[in-house]
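File shown here: final_16.txt, holding compact mmCIF, C-alpha atoms.
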```txt
# COMPACT_ATOMS: atom_id res chain seq x y z
CA MET A 19 149.17 -18.05 -63.30
CA HIS A 20 146.07 -18.45 -61.18
CA SER A 21 144.52 -15.10 -60.27
CA ASP A 22 142.98 -16.52 -57.07
CA GLN A 23 146.47 -16.92 -55.60
CA LEU A 24 147.23 -13.22 -55.84
CA THR A 25 145.97 -10.88 -53.15
CA PRO A 26 143.70 -8.35 -54.85
CA THR A 27 144.59 -4.69 -54.52
CA VAL A 28 142.76 -1.39 -54.94
CA VAL A 29 143.47 -0.20 -58.50
CA ALA A 30 141.23 2.90 -58.57
CA ILE A 31 139.30 5.14 -56.17
CA HIS A 32 136.54 7.46 -57.38
CA VAL A 33 134.36 9.92 -55.50
CA ALA A 34 131.75 12.47 -56.58
CA LYS A 35 130.50 15.46 -54.63
CA GLY A 36 126.98 15.08 -55.98
CA ARG A 37 124.75 12.42 -57.50
CA ARG A 38 124.98 13.75 -61.04
CA LEU A 39 128.45 15.22 -60.81
CA PRO A 40 131.35 13.46 -62.52
CA MET A 41 133.43 11.02 -60.52
CA ARG A 42 136.95 12.18 -59.64
CA SER A 43 139.85 9.76 -59.44
CA VAL A 44 141.77 10.14 -56.15
CA PRO A 45 144.90 8.38 -54.83
CA SER A 46 143.39 7.82 -51.39
CA VAL A 47 140.25 8.55 -49.42
CA GLU A 48 139.29 8.86 -45.75
CA ALA A 49 136.78 6.24 -44.68
CA GLU A 50 134.60 7.24 -41.73
CA ALA A 51 132.89 4.42 -39.79
CA GLY A 52 129.11 4.68 -39.97
CA ALA A 53 129.24 7.60 -42.41
CA GLY A 54 131.08 6.83 -45.65
CA LEU A 55 133.92 8.22 -47.73
CA VAL A 56 134.80 11.82 -46.97
CA GLY A 57 134.10 13.96 -50.04
CA ASP A 58 131.72 11.47 -51.65
CA ARG A 59 128.03 12.03 -52.40
CA TYR A 60 126.97 9.21 -50.09
CA HIS A 61 128.99 10.44 -47.10
CA GLY A 62 126.54 10.74 -44.21
CA SER A 63 124.08 8.22 -45.62
CA ARG A 64 122.86 5.45 -43.37
CA HIS A 65 124.06 2.34 -45.20
CA ARG A 66 125.39 3.08 -48.67
CA HIS A 67 128.93 4.03 -47.74
CA VAL A 68 131.15 2.37 -50.32
CA THR A 69 130.62 0.56 -53.61
CA ILE A 70 133.21 -1.91 -54.86
CA GLN A 71 133.64 -3.44 -58.32
CA SER A 72 136.32 -5.70 -59.78
CA LEU A 73 138.43 -5.14 -62.86
CA PRO A 74 137.81 -8.64 -64.34
CA ASP A 75 134.03 -8.04 -64.12
CA LEU A 76 134.47 -4.67 -65.83
CA GLU A 77 136.56 -6.26 -68.56
CA ALA A 78 133.95 -8.97 -69.10
CA GLY A 79 131.26 -6.27 -69.30
CA ALA A 80 133.39 -4.33 -71.78
CA THR A 81 133.72 -7.46 -73.92
CA ASP A 82 129.91 -7.87 -73.95
CA LEU A 83 129.49 -4.20 -74.70
CA GLY A 84 132.16 -4.23 -77.41
CA ARG A 85 134.03 -1.21 -76.05
CA PRO A 86 136.21 -0.39 -73.07
CA VAL A 87 134.60 0.60 -69.78
CA ASP A 88 136.39 3.27 -67.76
CA PRO A 89 136.19 2.35 -64.03
CA GLY A 90 135.23 5.93 -63.17
CA LEU A 91 132.19 5.91 -65.43
CA THR A 92 130.45 3.09 -63.56
CA ARG A 93 130.06 5.40 -60.53
CA ARG A 94 131.56 2.85 -58.15
CA ASN A 95 133.96 4.07 -55.44
CA LEU A 96 136.58 1.33 -55.41
CA THR A 97 137.85 -0.85 -58.23
CA ILE A 98 139.90 -3.88 -57.17
CA SER A 99 142.26 -5.97 -59.27
CA GLY A 100 140.42 -9.27 -58.88
CA GLY A 101 138.91 -11.79 -56.56
CA THR A 102 135.26 -12.51 -55.86
CA ILE A 103 133.54 -9.63 -54.10
CA PRO A 104 131.12 -11.04 -51.51
CA THR A 105 127.44 -10.27 -52.05
CA LYS A 106 125.84 -11.88 -49.01
CA PRO A 107 124.59 -9.24 -46.56
CA GLY A 108 126.72 -9.27 -43.42
CA ALA A 109 129.83 -10.67 -45.13
CA ARG A 110 132.94 -8.66 -44.32
CA VAL A 111 136.05 -7.54 -46.15
CA THR A 112 139.08 -5.54 -45.04
CA ILE A 113 140.83 -2.97 -47.22
CA GLY A 114 143.95 -1.25 -45.94
CA GLY A 115 142.92 -1.95 -42.36
CA VAL A 116 139.39 -0.61 -42.85
CA GLU A 117 136.60 -3.12 -42.20
CA LEU A 118 133.52 -3.12 -44.43
CA GLU A 119 130.29 -5.11 -44.34
CA VAL A 120 128.11 -6.11 -47.30
CA VAL A 121 124.74 -4.33 -47.45
CA ARG A 122 123.52 -5.58 -50.83
CA ILE A 123 124.41 -6.11 -54.47
CA ALA A 124 124.80 -2.84 -56.36
CA ALA A 125 122.36 -2.53 -59.25
CA PRO A 126 123.81 -1.00 -62.40
CA CYS A 127 123.20 2.71 -62.30
CA ARG A 128 120.65 4.10 -64.76
CA LEU A 129 123.23 6.72 -65.72
CA LEU A 130 125.39 3.98 -67.25
CA ASP A 131 123.54 3.98 -70.56
CA ASP A 132 124.04 7.77 -70.71
CA THR A 133 127.74 7.74 -69.90
CA LEU A 134 128.82 4.47 -71.51
CA GLY A 135 126.20 4.13 -74.24
CA PRO A 136 123.13 1.96 -74.79
CA GLY A 137 123.37 -1.54 -73.39
CA ALA A 138 125.90 -0.67 -70.69
CA ALA A 139 123.58 -1.30 -67.75
CA ARG A 140 122.63 -4.66 -69.27
CA ALA A 141 126.26 -5.64 -69.96
CA LEU A 142 127.21 -4.86 -66.36
CA HIS A 143 124.04 -6.32 -64.85
CA ALA A 144 125.57 -9.11 -62.76
CA ARG A 145 128.91 -7.32 -62.60
CA ALA A 146 127.95 -4.04 -60.98
CA GLY A 147 129.66 -4.74 -57.68
CA THR A 148 128.53 -4.62 -54.08
CA VAL A 149 127.39 -1.91 -51.66
CA PHE A 150 129.16 -1.88 -48.28
CA ARG A 151 128.83 -0.03 -44.99
CA LEU A 152 131.95 1.04 -43.10
CA LEU A 153 132.53 -0.64 -39.74
CA SER A 154 135.83 1.10 -39.02
CA SER A 155 137.62 4.29 -40.01
CA GLY A 156 140.92 4.78 -41.78
CA THR A 157 142.54 5.69 -45.08
CA ILE A 158 141.97 3.58 -48.18
CA SER A 159 144.61 4.08 -50.87
CA VAL A 160 145.32 2.81 -54.36
CA GLY A 161 147.61 -0.19 -53.94
CA ASP A 162 146.07 -1.30 -50.63
CA GLU A 163 145.59 -5.04 -50.27
CA VAL A 164 142.03 -6.34 -50.18
CA ASP A 165 141.18 -9.20 -47.83
CA LEU A 166 137.96 -10.66 -49.22
CA SER A 167 137.67 -13.39 -46.60
CA PRO A 168 138.54 -12.08 -43.14
CA SER A 169 138.13 -14.64 -40.40
CA ASP A 170 135.36 -13.88 -37.94
```

Will you turn the file into structure tokens for me?
Amino acid sequence: MHSDQLTPTVVAIHVAKGRRLPMRSVPSVEAEAGAGLVGDRYHGSRHRHVTIQSLPDLEAGATDLGRPVDPGLTRRNLTISGGTIPTKPGARVTIGGVELEVVRIAAPCRLLDDTLGPGAARALHARAGTVFRLLSSGTISVGDEVDLSPSD
């Protein structure tokens, strides 16, 4: 079975009220255009609204690290089941009817080595996901389909 044929879906959503506070897993989240995810530490920031990572990248990082990586511990907001997350600034994706635009690649958080153990940031270096800004508002829920290549 070829994973590219399957439409990726949201498999986990995590938010944190503060930068150093633990991430909470939630079934859905309100996305506010130009502001971010309601209840997340970056809500109200100018550009860093949503971070997205993919499960296959996490699993590859876990293999390098030699231990499992919990999606919530990477401090990314959305974990999707697969597909190639765009990294080119300006590229767009749609999740559950909400449109997002790439800002930049997400660098592995320095907290990773604290939460996941030494070497975690290195293992996830090219797999840390992408930072997006929200172009439209709506609800993003676990199970929502992810369109990684919306037509312009």

Correct to one decimal, the distance atom CA of A:Thr102-atom CA of A:Phe150 is 14.4 Å

Mind giving me the axis-aligned box for stretch 145-148 of chain A with 5 Å on every side, centre plus edges in Å to one decimal, as JSON?
```
{"center_x": 128.8, "center_y": -5.7, "center_z": -58.3, "size_x": 11.7, "size_y": 13.3, "size_z": 18.5}
```

Which is closest to A:Leu142 among A:Leu83, A:His32, A:Arg64, A:Arg94, if we use all atoms listed in the file? A:Leu83

Would you compute the distance between atom CA of A:Val28 and atom CA of A:Arg66? Give it in Å to one decimal. 19.0 Å

Please report the interatomic distance between atom CA of A:Gly135 and atom CA of A:Thr148 in Å with one decimal. 22.1 Å

Using all atoms listed in the file and a cutoff of 8 Å, can you tell me which residues are near (144.9, 4.0, -60.3) in the file's coordinates, and write them out as number ranges by chain? A: 28-31, 43, 45, 160

Set the distance at 8 Å and use all atoms listed in the file: which residues neighbour A:Ala109 once local chain neighbours fewer than 5 positions away are removed? I'd like the list as a VMD selection string. chain A and resid 104 119 to 120

For A:Gly114, which residue among A:Gly137, A:Val164, A:Thr92, A:Arg38 is the nearest when counting all atoms listed in the file? A:Val164
